[in-house]
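So this one's upload-v6.pdb, PDB, C-alpha atoms, pLDDT in the B column:
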MODEL        1
ATOM      1  CA  GLY A  10      34.632  13.074   3.725  1.00 49.00           C
ATOM      2  CA  PHE A  11      37.627  11.321   5.217  1.00 50.00           C
ATOM      3  CA  GLU A  12      39.087   7.832   5.400  1.00 54.00           C
ATOM      4  CA  GLU A  13      41.096   5.732   7.817  1.00 56.00           C
ATOM      5  CA  SER A  14      44.309   6.304   5.838  1.00 59.00           C
ATOM      6  CA  TYR A  15      44.060   9.958   6.890  1.00 63.00           C
ATOM      7  CA  GLY A  16      43.088  11.512   3.586  1.00 69.00           C
ATOM      8  CA  TYR A  17      40.501  14.293   3.762  1.00 72.00           C
ATOM      9  CA  LEU A  18      38.127  15.804   1.238  1.00 76.00           C
ATOM     10  CA  SER A  19      36.273  19.107   1.588  1.00 80.00           C
ATOM     11  CA  GLY A  20      33.974  20.632  -0.982  1.00 77.00           C
ATOM     12  CA  LEU A  21      33.743  19.667  -4.638  1.00 75.00           C
ATOM     13  CA  ASP A  22      36.927  21.185  -6.059  1.00 74.00           C
ATOM     14  CA  VAL A  23      39.266  18.323  -5.192  1.00 69.00           C
ATOM     15  CA  ARG A  24      38.429  14.791  -6.326  1.00 70.00           C
ATOM     16  CA  ASP A  25      40.932  12.758  -4.306  1.00 75.00           C
ATOM     17  CA  LYS A  26      41.500  12.712  -0.547  1.00 73.00           C
ATOM     18  CA  ASP A  27      44.846  14.001   0.646  1.00 75.00           C
ATOM     19  CA  ALA A  28      46.536  15.835   3.518  1.00 78.00           C
ATOM     20  CA  VAL A  29      46.838  19.138   1.634  1.00 82.00           C
ATOM     21  CA  VAL A  30      43.134  19.930   1.993  1.00 82.00           C
ATOM     22  CA  ALA A  31      43.250  19.139   5.719  1.00 83.00           C
ATOM     23  CA  ALA A  32      46.300  21.406   6.154  1.00 86.00           C
ATOM     24  CA  MET A  33      44.497  24.217   4.309  1.00 87.00           C
ATOM     25  CA  LEU A  34      41.406  23.862   6.525  1.00 89.00           C
ATOM     26  CA  ILE A  35      43.505  23.886   9.696  1.00 91.00           C
ATOM     27  CA  ALA A  36      45.390  26.987   8.505  1.00 94.00           C
ATOM     28  CA  GLY A  37      42.028  28.696   7.960  1.00 94.00           C
ATOM     29  CA  MET A  38      40.849  27.652  11.423  1.00 92.00           C
ATOM     30  CA  TYR A  39      44.086  28.974  12.911  1.00 94.00           C
ATOM     31  CA  ALA A  40      43.624  32.379  11.262  1.00 95.00           C
ATOM     32  CA  GLN A  41      39.994  32.583  12.397  1.00 94.00           C
ATOM     33  CA  SER A  42      40.910  31.510  15.946  1.00 93.00           C
ATOM     34  CA  ARG A  43      43.711  34.035  16.157  1.00 94.00           C
ATOM     35  CA  GLU A  44      41.299  36.843  15.188  1.00 96.00           C
ATOM     36  CA  ARG A  45      39.101  35.756  18.113  1.00 94.00           C
ATOM     37  CA  GLY A  46      42.024  35.604  20.542  1.00 96.00           C
ATOM     38  CA  GLN A  47      41.874  31.815  20.755  1.00 95.00           C
ATOM     39  CA  SER A  48      44.308  29.018  20.047  1.00 96.00           C
ATOM     40  CA  LEU A  49      43.445  25.867  18.130  1.00 95.00           C
ATOM     41  CA  ILE A  50      43.533  24.021  21.461  1.00 94.00           C
ATOM     42  CA  ASP A  51      40.934  26.475  22.821  1.00 94.00           C
ATOM     43  CA  ARG A  52      38.720  25.705  19.817  1.00 92.00           C
ATOM     44  CA  LEU A  53      39.198  21.975  20.279  1.00 90.00           C
ATOM     45  CA  ASN A  54      38.327  22.191  23.984  1.00 90.00           C
ATOM     46  CA  ASN A  55      35.173  24.167  23.098  1.00 91.00           C
ATOM     47  CA  ILE A  56      34.151  21.372  20.721  1.00 90.00           C
ATOM     48  CA  TYR A  57      34.757  18.761  23.437  1.00 90.00           C
ATOM     49  CA  GLU A  58      32.701  20.776  25.945  1.00 87.00           C
ATOM     50  CA  ARG A  59      29.838  21.079  23.482  1.00 88.00           C
ATOM     51  CA  PHE A  60      29.808  17.605  21.915  1.00 89.00           C
ATOM     52  CA  GLY A  61      31.850  15.374  24.230  1.00 90.00           C
ATOM     53  CA  TYR A  62      34.950  13.270  23.698  1.00 93.00           C
ATOM     54  CA  GLY A  63      35.098  10.672  20.973  1.00 93.00           C
ATOM     55  CA  PHE A  64      37.689   8.000  20.364  1.00 94.00           C
ATOM     56  CA  GLU A  65      37.814   5.618  17.430  1.00 95.00           C
ATOM     57  CA  GLU A  66      40.174   2.720  16.908  1.00 96.00           C
ATOM     58  CA  THR A  67      40.649  -0.238  14.581  1.00 96.00           C
ATOM     59  CA  ILE A  68      41.884  -3.724  15.391  1.00 96.00           C
ATOM     60  CA  ALA A  69      43.008  -5.989  12.549  1.00 96.00           C
ATOM     61  CA  ILE A  70      43.244  -9.721  13.189  1.00 97.00           C
ATOM     62  CA  THR A  71      45.461 -11.371  10.563  1.00 97.00           C
ATOM     63  CA  LEU A  72      45.068 -15.055   9.745  1.00 96.00           C
ATOM     64  CA  GLU A  73      47.338 -16.329   7.000  1.00 94.00           C
ATOM     65  CA  GLY A  74      46.415 -18.333   3.926  1.00 92.00           C
ATOM     66  CA  LYS A  75      43.289 -20.014   2.677  1.00 92.00           C
ATOM     67  CA  GLU A  76      42.602 -21.464   6.125  1.00 94.00           C
ATOM     68  CA  GLY A  77      42.700 -17.954   7.596  1.00 95.00           C
ATOM     69  CA  ILE A  78      40.208 -16.659   5.036  1.00 94.00           C
ATOM     70  CA  GLU A  79      37.905 -19.603   5.829  1.00 95.00           C
ATOM     71  CA  LYS A  80      38.124 -18.900   9.580  1.00 96.00           C
ATOM     72  CA  ILE A  81      37.292 -15.235   9.005  1.00 97.00           C
ATOM     73  CA  SER A  82      34.319 -16.211   6.845  1.00 96.00           C
ATOM     74  CA  GLY A  83      33.202 -18.645   9.549  1.00 97.00           C
ATOM     75  CA  ALA A  84      33.460 -15.969  12.232  1.00 97.00           C
ATOM     76  CA  MET A  85      31.244 -13.602  10.219  1.00 98.00           C
ATOM     77  CA  LYS A  86      28.696 -16.409   9.690  1.00 98.00           C
ATOM     78  CA  SER A  87      28.762 -17.174  13.414  1.00 97.00           C
ATOM     79  CA  LEU A  88      28.179 -13.518  14.307  1.00 97.00           C
ATOM     80  CA  ARG A  89      25.212 -13.446  11.910  1.00 97.00           C
ATOM     81  CA  SER A  90      23.651 -16.669  13.194  1.00 96.00           C
ATOM     82  CA  GLU A  91      23.895 -15.410  16.792  1.00 96.00           C
ATOM     83  CA  LEU A  92      22.311 -12.130  15.692  1.00 95.00           C
ATOM     84  CA  LEU A  93      19.370 -13.920  14.082  1.00 94.00           C
ATOM     85  CA  ALA A  94      18.878 -16.045  17.207  1.00 95.00           C
ATOM     86  CA  CYS A  95      18.365 -12.979  19.451  1.00 95.00           C
ATOM     87  CA  LYS A  96      14.721 -12.446  20.330  1.00 95.00           C
ATOM     88  CA  ASN A  97      14.899  -9.262  22.458  1.00 95.00           C
ATOM     89  CA  LYS A  98      17.080  -6.601  24.090  1.00 94.00           C
ATOM     90  CA  ALA A  99      18.127  -8.854  26.989  1.00 94.00           C
ATOM     91  CA  GLU A 100      19.394 -11.577  24.641  1.00 94.00           C
ATOM     92  CA  ALA A 101      21.212  -9.006  22.489  1.00 94.00           C
ATOM     93  CA  GLN A 102      23.526  -8.222  25.411  1.00 90.00           C
ATOM     94  CA  SER A 103      25.212 -11.595  24.859  1.00 90.00           C
ATOM     95  CA  LEU A 104      26.102 -10.861  21.216  1.00 92.00           C
ATOM     96  CA  LEU A 105      29.432  -9.159  21.886  1.00 91.00           C
ATOM     97  CA  GLY A 106      30.602 -10.468  25.229  1.00 88.00           C
ATOM     98  CA  GLY A 107      28.389  -8.183  27.293  1.00 88.00           C
ATOM     99  CA  ALA A 108      28.779  -4.969  25.293  1.00 89.00           C
ATOM    100  CA  PRO A 109      25.409  -3.140  25.439  1.00 91.00           C
ATOM    101  CA  VAL A 110      23.995  -3.899  21.966  1.00 96.00           C
ATOM    102  CA  VAL A 111      20.997  -1.700  21.070  1.00 96.00           C
ATOM    103  CA  ALA A 112      20.737  -2.518  17.354  1.00 97.00           C
ATOM    104  CA  VAL A 113      22.704  -4.242  14.595  1.00 98.00           C
ATOM    105  CA  ARG A 114      22.987  -3.260  10.955  1.00 98.00           C
ATOM    106  CA  ASP A 115      23.684  -6.239   8.713  1.00 98.00           C
ATOM    107  CA  TYR A 116      24.708  -4.750   5.378  1.00 98.00           C
ATOM    108  CA  GLN A 117      24.860  -8.190   3.770  1.00 98.00           C
ATOM    109  CA  ALA A 118      21.175  -8.833   4.577  1.00 98.00           C
ATOM    110  CA  SER A 119      20.282  -5.130   4.031  1.00 98.00           C
ATOM    111  CA  LYS A 120      18.542  -5.098   7.416  1.00 98.00           C
ATOM    112  CA  LYS A 121      18.775  -3.232  10.682  1.00 98.00           C
ATOM    113  CA  TYR A 122      17.680  -5.173  13.762  1.00 98.00           C
ATOM    114  CA  ILE A 123      16.504  -2.975  16.653  1.00 98.00           C
ATOM    115  CA  PHE A 124      16.233  -4.801  19.971  1.00 97.00           C
ATOM    116  CA  THR A 125      13.408  -3.909  22.363  1.00 96.00           C
ATOM    117  CA  ASP A 126      12.246  -5.457  25.621  1.00 96.00           C
ATOM    118  CA  ASP A 127       9.427  -7.160  23.701  1.00 96.00           C
ATOM    119  CA  GLY A 128      11.225  -8.325  20.584  1.00 97.00           C
ATOM    120  CA  VAL A 129      13.141  -7.292  17.491  1.00 98.00           C
ATOM    121  CA  LYS A 130      12.064  -4.652  15.006  1.00 98.00           C
ATOM    122  CA  GLU A 131      13.491  -4.913  11.481  1.00 98.00           C
ATOM    123  CA  GLU A 132      14.155  -2.019   9.098  1.00 98.00           C
ATOM    124  CA  LYS A 133      15.401  -2.164   5.524  1.00 98.00           C
ATOM    125  CA  ILE A 134      18.831  -0.701   4.763  1.00 98.00           C
ATOM    126  CA  ASP A 135      19.005   0.944   1.353  1.00 97.00           C
ATOM    127  CA  LEU A 136      22.751   0.715   0.743  1.00 96.00           C
ATOM    128  CA  PRO A 137      24.937  -1.576  -1.373  1.00 95.00           C
ATOM    129  CA  VAL A 138      25.283  -5.120  -0.030  1.00 97.00           C
ATOM    130  CA  SER A 139      28.532  -5.651   1.870  1.00 97.00           C
ATOM    131  CA  ASN A 140      29.863  -8.207   4.353  1.00 98.00           C
ATOM    132  CA  VAL A 141      29.676  -5.789   7.287  1.00 98.00           C
ATOM    133  CA  LEU A 142      28.035  -5.964  10.716  1.00 98.00           C
ATOM    134  CA  LEU A 143      27.686  -2.662  12.583  1.00 98.00           C
ATOM    135  CA  TYR A 144      26.640  -2.915  16.226  1.00 98.00           C
ATOM    136  CA  GLU A 145      25.032   0.149  17.822  1.00 97.00           C
ATOM    137  CA  LEU A 146      26.063   0.182  21.480  1.00 96.00           C
ATOM    138  CA  GLY A 147      24.255   3.203  22.925  1.00 91.00           C
ATOM    139  CA  GLY A 148      26.562   4.804  25.499  1.00 87.00           C
ATOM    140  CA  ASP A 149      26.521   8.240  27.188  1.00 84.00           C
ATOM    141  CA  LYS A 150      25.762  10.046  23.947  1.00 85.00           C
ATOM    142  CA  GLY A 151      23.851   7.178  22.308  1.00 88.00           C
ATOM    143  CA  LEU A 152      26.501   7.063  19.572  1.00 92.00           C
ATOM    144  CA  ASP A 153      28.831   4.184  20.516  1.00 95.00           C
ATOM    145  CA  TRP A 154      29.403   1.474  17.918  1.00 97.00           C
ATOM    146  CA  ALA A 155      31.537  -1.474  16.890  1.00 97.00           C
ATOM    147  CA  CYS A 156      31.821  -2.811  13.361  1.00 98.00           C
ATOM    148  CA  ALA A 157      33.210  -6.097  12.027  1.00 98.00           C
ATOM    149  CA  ARG A 158      34.157  -6.852   8.435  1.00 98.00           C
ATOM    150  CA  PRO A 159      36.671  -8.931   6.545  1.00 97.00           C
ATOM    151  CA  SER A 160      39.332  -7.029   4.616  1.00 94.00           C
ATOM    152  CA  GLY A 161      38.708  -6.988   0.907  1.00 89.00           C
ATOM    153  CA  THR A 162      42.405  -7.310   0.049  1.00 88.00           C
ATOM    154  CA  GLU A 163      44.091  -9.265   2.857  1.00 91.00           C
ATOM    155  CA  PRO A 164      43.321 -12.237   5.135  1.00 94.00           C
ATOM    156  CA  LYS A 165      42.271  -9.923   7.969  1.00 96.00           C
ATOM    157  CA  LEU A 166      39.180  -9.425  10.068  1.00 98.00           C
ATOM    158  CA  LYS A 167      38.850  -5.761  10.945  1.00 97.00           C
ATOM    159  CA  ILE A 168      36.978  -4.519  13.985  1.00 98.00           C
ATOM    160  CA  TYR A 169      36.302  -0.795  14.240  1.00 98.00           C
ATOM    161  CA  PHE A 170      35.213   1.027  17.397  1.00 97.00           C
ATOM    162  CA  GLY A 171      33.690   4.436  18.086  1.00 96.00           C
ATOM    163  CA  ILE A 172      33.054   5.511  21.687  1.00 96.00           C
ATOM    164  CA  TYR A 173      31.741   8.933  22.747  1.00 94.00           C
ATOM    165  CA  ALA A 174      31.335  10.287  26.281  1.00 93.00           C
ATOM    166  CA  ASN A 175      31.080  13.517  28.248  1.00 91.00           C
ATOM    167  CA  THR A 176      34.622  13.245  29.595  1.00 92.00           C
ATOM    168  CA  GLU A 177      37.904  12.142  28.075  1.00 92.00           C
ATOM    169  CA  GLU A 178      38.521   9.676  30.910  1.00 94.00           C
ATOM    170  CA  SER A 179      35.123   8.029  30.497  1.00 94.00           C
ATOM    171  CA  SER A 180      35.526   7.773  26.736  1.00 94.00           C
ATOM    172  CA  ARG A 181      38.998   6.214  26.965  1.00 95.00           C
ATOM    173  CA  ARG A 182      37.945   3.787  29.714  1.00 96.00           C
ATOM    174  CA  ARG A 183      34.847   2.662  27.823  1.00 94.00           C
ATOM    175  CA  LEU A 184      36.839   2.290  24.593  1.00 96.00           C
ATOM    176  CA  GLU A 185      39.274  -0.094  26.302  1.00 97.00           C
ATOM    177  CA  ASP A 186      36.426  -2.018  27.958  1.00 95.00           C
ATOM    178  CA  THR A 187      34.473  -2.304  24.696  1.00 96.00           C
ATOM    179  CA  LYS A 188      37.569  -3.351  22.725  1.00 96.00           C
ATOM    180  CA  GLU A 189      38.275  -6.100  25.260  1.00 95.00           C
ATOM    181  CA  LYS A 190      34.713  -7.458  25.260  1.00 95.00           C
ATOM    182  CA  VAL A 191      34.198  -7.317  21.502  1.00 95.00           C
ATOM    183  CA  SER A 192      37.634  -8.525  20.399  1.00 94.00           C
ATOM    184  CA  SER A 193      37.543 -11.446  22.881  1.00 94.00           C
ATOM    185  CA  CYS A 194      34.113 -12.441  21.593  1.00 94.00           C
ATOM    186  CA  VAL A 195      35.158 -12.231  17.933  1.00 95.00           C
ATOM    187  CA  LYS A 196      38.517 -13.981  18.459  1.00 94.00           C
ATOM    188  CA  ALA A 197      36.694 -16.875  20.138  1.00 94.00           C
ATOM    189  CA  LYS A 198      34.854 -17.454  16.840  1.00 95.00           C
ATOM    190  CA  LEU A 199      38.082 -17.787  14.841  1.00 93.00           C
TER
ENDMDL
END
How does this structure look as C-alpha coordinates?
Amino acid sequence: GFEESYGYLSGLDVRDKDAVVAAMLIAGMYAQSRERGQSLIDRLNNIYERFGYGFEETIAITLEGKEGIEKISGAMKSLRSELLACKNKAEAQSLLGGAPVVAVRDYQASKKYIFTDDGVKEEKIDLPVSNVLLYELGGDKGLDWACARPSGTEPKLKIYFGIYANTEESSRRRLEDTKEKVSSCVKAKL
(Lines of atoms letter the chains of each structure in order from A and count residues from 1; the text may use other names and numbers.)
(Lines give C-alpha, C1' and ligand atoms only; values in the text may rest on other atoms or scores of the structure.)
Protein backbone atom coordinates (compact mmCIF):
# COMPACT_ATOMS: atom_id res chain seq x y z
CA GLY A 1 0.00 0.00 0.00
CA PHE A 2 0.96 3.64 -0.28
CA GLU A 3 -0.35 7.03 0.79
CA GLU A 4 -0.37 10.59 -0.49
CA SER A 5 2.41 11.59 1.92
CA TYR A 6 4.70 9.30 -0.10
CA GLY A 7 5.12 6.48 2.38
CA TYR A 8 5.12 2.98 0.92
CA LEU A 9 4.48 -0.45 2.37
CA SER A 10 5.36 -3.78 0.76
CA GLY A 11 4.78 -7.19 2.27
CA LEU A 12 4.04 -7.93 5.91
CA ASP A 13 7.44 -7.40 7.53
CA VAL A 14 7.18 -3.64 7.99
CA ARG A 15 4.19 -2.16 9.81
CA ASP A 16 4.58 1.54 9.00
CA LYS A 17 4.88 3.22 5.60
CA ASP A 18 8.18 4.92 4.86
CA ALA A 19 10.59 5.74 2.05
CA VAL A 20 13.11 3.04 3.00
CA VAL A 21 10.93 0.23 1.65
CA ALA A 22 10.39 2.12 -1.61
CA ALA A 23 14.16 2.69 -1.96
CA MET A 24 14.80 -1.02 -1.37
CA LEU A 25 12.24 -2.02 -4.03
CA ILE A 26 13.72 0.41 -6.56
CA ALA A 27 17.24 -0.89 -5.85
CA GLY A 28 15.96 -4.42 -6.52
CA MET A 29 14.30 -3.28 -9.76
CA TYR A 30 17.53 -1.58 -10.80
CA ALA A 31 19.55 -4.77 -10.26
CA GLN A 32 17.01 -6.87 -12.17
CA SER A 33 16.87 -4.33 -15.02
CA ARG A 34 20.63 -4.17 -15.28
CA GLU A 35 20.80 -7.97 -15.64
CA ARG A 36 18.38 -7.65 -18.57
CA GLY A 37 20.36 -4.82 -20.18
CA GLN A 38 17.66 -2.27 -19.40
CA SER A 39 17.56 0.97 -17.47
CA LEU A 40 14.82 1.91 -15.02
CA ILE A 41 13.55 4.36 -17.64
CA ASP A 42 13.29 1.48 -20.13
CA ARG A 43 11.22 -0.46 -17.58
CA LEU A 44 9.01 2.55 -16.92
CA ASN A 45 8.43 3.11 -20.65
CA ASN A 46 7.50 -0.58 -21.03
CA ILE A 47 4.90 -0.15 -18.27
CA TYR A 48 3.50 2.95 -20.00
CA GLU A 49 3.31 1.11 -23.34
CA ARG A 50 1.48 -1.79 -21.73
CA PHE A 51 -0.87 0.02 -19.34
CA GLY A 52 -0.96 3.65 -20.47
CA TYR A 53 -0.11 6.91 -18.74
CA GLY A 54 -1.71 7.84 -15.46
CA PHE A 55 -1.62 11.13 -13.62
CA GLU A 56 -3.08 11.83 -10.20
CA GLU A 57 -3.32 15.16 -8.43
CA THR A 58 -4.93 16.68 -5.35
CA ILE A 59 -6.42 20.13 -4.92
CA ALA A 60 -7.08 21.43 -1.40
CA ILE A 61 -9.46 24.35 -0.96
CA THR A 62 -8.90 26.01 2.43
CA LEU A 63 -11.68 27.99 4.09
CA GLU A 64 -10.82 29.38 7.50
CA GLY A 65 -12.79 29.10 10.72
CA LYS A 66 -16.19 27.80 11.66
CA GLU A 67 -17.77 29.52 8.66
CA GLY A 68 -15.34 27.69 6.36
CA ILE A 69 -16.22 24.32 7.88
CA GLU A 70 -19.93 25.11 7.42
CA LYS A 71 -19.38 26.06 3.76
CA ILE A 72 -17.47 22.83 3.14
CA SER A 73 -20.26 20.83 4.79
CA GLY A 74 -22.80 22.69 2.65
CA ALA A 75 -20.85 21.96 -0.52
CA MET A 76 -20.81 18.22 0.26
CA LYS A 77 -24.58 18.31 0.95
CA SER A 78 -25.14 20.14 -2.33
CA LEU A 79 -23.10 17.58 -4.27
CA ARG A 80 -25.16 14.79 -2.68
CA SER A 81 -28.53 16.42 -3.37
CA GLU A 82 -27.58 16.95 -7.03
CA LEU A 83 -26.47 13.32 -7.22
CA LEU A 84 -29.81 12.08 -5.87
CA ALA A 85 -31.69 14.28 -8.34
CA CYS A 86 -30.03 12.63 -11.38
CA LYS A 87 -32.35 10.21 -13.14
CA ASN A 88 -30.10 8.89 -15.94
CA LYS A 89 -26.73 9.04 -17.71
CA ALA A 90 -27.57 12.25 -19.61
CA GLU A 91 -28.44 14.12 -16.40
CA ALA A 92 -25.31 12.80 -14.67
CA GLN A 93 -23.15 14.76 -17.12
CA SER A 94 -24.21 17.96 -15.34
CA LEU A 95 -22.97 16.79 -11.92
CA LEU A 96 -19.39 18.01 -12.28
CA GLY A 97 -19.50 20.81 -14.81
CA GLY A 98 -19.61 18.53 -17.84
CA ALA A 99 -17.09 15.90 -16.73
CA PRO A 100 -18.31 12.53 -18.09
CA VAL A 101 -19.78 10.94 -14.93
CA VAL A 102 -20.45 7.20 -15.32
CA ALA A 103 -21.11 6.31 -11.67
CA VAL A 104 -20.78 7.82 -8.20
CA ARG A 105 -19.82 6.08 -4.98
CA ASP A 106 -21.29 7.80 -1.93
CA TYR A 107 -19.45 6.30 1.03
CA GLN A 108 -21.64 8.20 3.49
CA ALA A 109 -24.79 6.53 2.10
CA SER A 110 -22.91 3.24 1.44
CA LYS A 111 -24.24 3.25 -2.13
CA LYS A 112 -22.88 3.25 -5.64
CA TYR A 113 -25.07 4.92 -8.26
CA ILE A 114 -24.50 3.65 -11.81
CA PHE A 115 -26.03 5.85 -14.50
CA THR A 116 -27.54 4.24 -17.60
CA ASP A 117 -29.52 5.66 -20.50
CA ASP A 118 -32.70 4.34 -18.86
CA GLY A 119 -32.11 5.23 -15.23
CA VAL A 120 -29.93 4.70 -12.18
CA LYS A 121 -28.86 1.36 -10.78
CA GLU A 122 -27.91 1.25 -7.09
CA GLU A 123 -25.39 -1.11 -5.48
CA LYS A 124 -24.49 -1.43 -1.81
CA ILE A 125 -20.97 -0.47 -0.74
CA ASP A 126 -19.64 -2.65 2.06
CA LEU A 127 -17.04 -0.28 3.51
CA PRO A 128 -16.95 1.97 6.58
CA VAL A 129 -19.15 5.07 6.33
CA SER A 130 -17.18 8.19 5.40
CA ASN A 131 -18.01 11.64 4.03
CA VAL A 132 -16.57 10.88 0.59
CA LEU A 133 -17.97 11.11 -2.94
CA LEU A 134 -16.02 9.27 -5.64
CA TYR A 135 -17.04 10.01 -9.23
CA GLU A 136 -16.17 7.43 -11.89
CA LEU A 137 -15.48 9.33 -15.11
CA GLY A 138 -14.77 6.59 -17.66
CA GLY A 139 -12.06 7.88 -20.01
CA ASP A 140 -9.79 6.09 -22.51
CA LYS A 141 -9.03 3.25 -20.11
CA GLY A 142 -12.35 3.41 -18.23
CA LEU A 143 -10.42 4.27 -15.05
CA ASP A 144 -10.70 8.06 -14.67
CA TRP A 145 -12.07 9.39 -11.38
CA ALA A 146 -12.49 12.42 -9.17
CA CYS A 147 -13.11 12.31 -5.44
CA ALA A 148 -14.30 14.99 -3.01
CA ARG A 149 -14.04 14.89 0.77
CA PRO A 150 -13.57 17.29 3.64
CA SER A 151 -10.29 17.05 5.53
CA GLY A 152 -10.62 15.35 8.87
CA THR A 153 -8.12 17.66 10.56
CA GLU A 154 -8.29 21.05 8.81
CA PRO A 155 -10.93 23.36 7.29
CA LYS A 156 -10.19 22.07 3.79
CA LEU A 157 -12.16 20.45 1.01
CA LYS A 158 -9.92 18.04 -0.86
CA ILE A 159 -10.52 17.02 -4.45
CA TYR A 160 -8.48 14.14 -5.83
CA PHE A 161 -8.11 13.27 -9.51
CA GLY A 162 -6.92 10.20 -11.40
CA ILE A 163 -6.74 10.29 -15.20
CA TYR A 164 -5.39 7.47 -17.39
CA ALA A 165 -4.85 7.49 -21.16
CA ASN A 166 -2.88 5.80 -23.92
CA THR A 167 -0.51 8.73 -24.35
CA GLU A 168 1.18 11.09 -21.91
CA GLU A 169 -0.12 14.14 -23.79
CA SER A 170 -3.72 12.92 -23.70
CA SER A 171 -3.51 12.07 -20.01
CA ARG A 172 -2.04 15.46 -19.06
CA ARG A 173 -4.52 17.37 -21.22
CA ARG A 174 -7.51 15.49 -19.82
CA LEU A 175 -6.23 15.92 -16.25
CA GLU A 176 -6.12 19.71 -16.70
CA ASP A 177 -9.55 19.75 -18.36
CA THR A 178 -11.10 17.56 -15.64
CA LYS A 179 -9.50 19.60 -12.84
CA GLU A 180 -10.92 22.80 -14.34
CA LYS A 181 -14.45 21.42 -14.75
CA VAL A 182 -14.64 19.71 -11.37
CA SER A 183 -12.92 22.38 -9.27
CA SER A 184 -15.04 25.16 -10.84
CA CYS A 185 -18.19 23.18 -10.11
CA VAL A 186 -17.20 22.46 -6.50
CA LYS A 187 -15.95 26.00 -5.80
CA ALA A 188 -19.29 27.37 -7.01
CA LYS A 189 -20.96 25.45 -4.16
CA LEU A 190 -18.77 27.08 -1.49
Adding 3 Å on each side of the box along x, y and z that holds all listed atoms of range 89-106 of chain A, could you give its centre and edge lengths in Å to one decimal, as AutoDock Vina command-line options?
--center_x 22.7 --center_y -11.6 --center_z 19.4 --size_x 21.9 --size_y 16.1 --size_z 21.1
Residue neighbourhood Thr187 in chain A, 9 Å, only C-alpha atoms, exclusion window fewer than 5 positions, as a tab-separated table (two decimals) with C-alpha atoms, keeping the file's coordinate frame:
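Listing of result.tsv after writing:
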chain	number	residue	atom	x	y	z
A	105	LEU	CA	29.43	-9.16	21.89
A	107	GLY	CA	28.39	-8.18	27.29
A	108	ALA	CA	28.78	-4.97	25.29
A	155	ALA	CA	31.54	-1.47	16.89
A	170	PHE	CA	35.21	1.03	17.40
A	172	ILE	CA	33.05	5.51	21.69
A	182	ARG	CA	37.94	3.79	29.71
A	192	SER	CA	37.63	-8.52	20.40
Closest to Tyr122 in chain A among A:Gln102, A:Gln41, A:Asn97, A:Ser139, using all atoms listed in the file?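 Going through A:Gln102, A:Gln41, A:Asn97, A:Ser139 one by one, the smallest distance to Tyr122 in chain A is for A:Asn97.
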For this file, the PyMOL selection byres ((chain A and resi 81-89) around 7) selects which residues, as a PyMOL selection string? chain A and resi 77-80+90-93+159+166+198-199
Keeping only C-alpha atoms, write the selected residues to a file as a CSV table (one decimal), in the coordinates of the input.
chain,number,residue,atom,x,y,z
A,77,GLY,CA,42.7,-18.0,7.6
A,78,ILE,CA,40.2,-16.7,5.0
A,79,GLU,CA,37.9,-19.6,5.8
A,80,LYS,CA,38.1,-18.9,9.6
A,90,SER,CA,23.7,-16.7,13.2
A,91,GLU,CA,23.9,-15.4,16.8
A,92,LEU,CA,22.3,-12.1,15.7
A,93,LEU,CA,19.4,-13.9,14.1
A,159,PRO,CA,36.7,-8.9,6.5
A,166,LEU,CA,39.2,-9.4,10.1
A,198,LYS,CA,34.9,-17.5,16.8
A,199,LEU,CA,38.1,-17.8,14.8
Name the residues that the PyMOL selection byres ((chain A and resi 68-71) around 8) pulls out of this structure, and write them as a list in words.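 Applying the expression gives Glu66, Thr67, Leu72, Glu73, Gly77, Pro164, Lys165, Leu166, Lys167, Ile168 and Tyr169 of chain A.
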Please list as a ChimeraX atom specification every residue within 7 Å of Gly61 in chain A, counting all atoms listed in the file and excluding residues in the same chain fewer than 5 positions away. /A:173-176
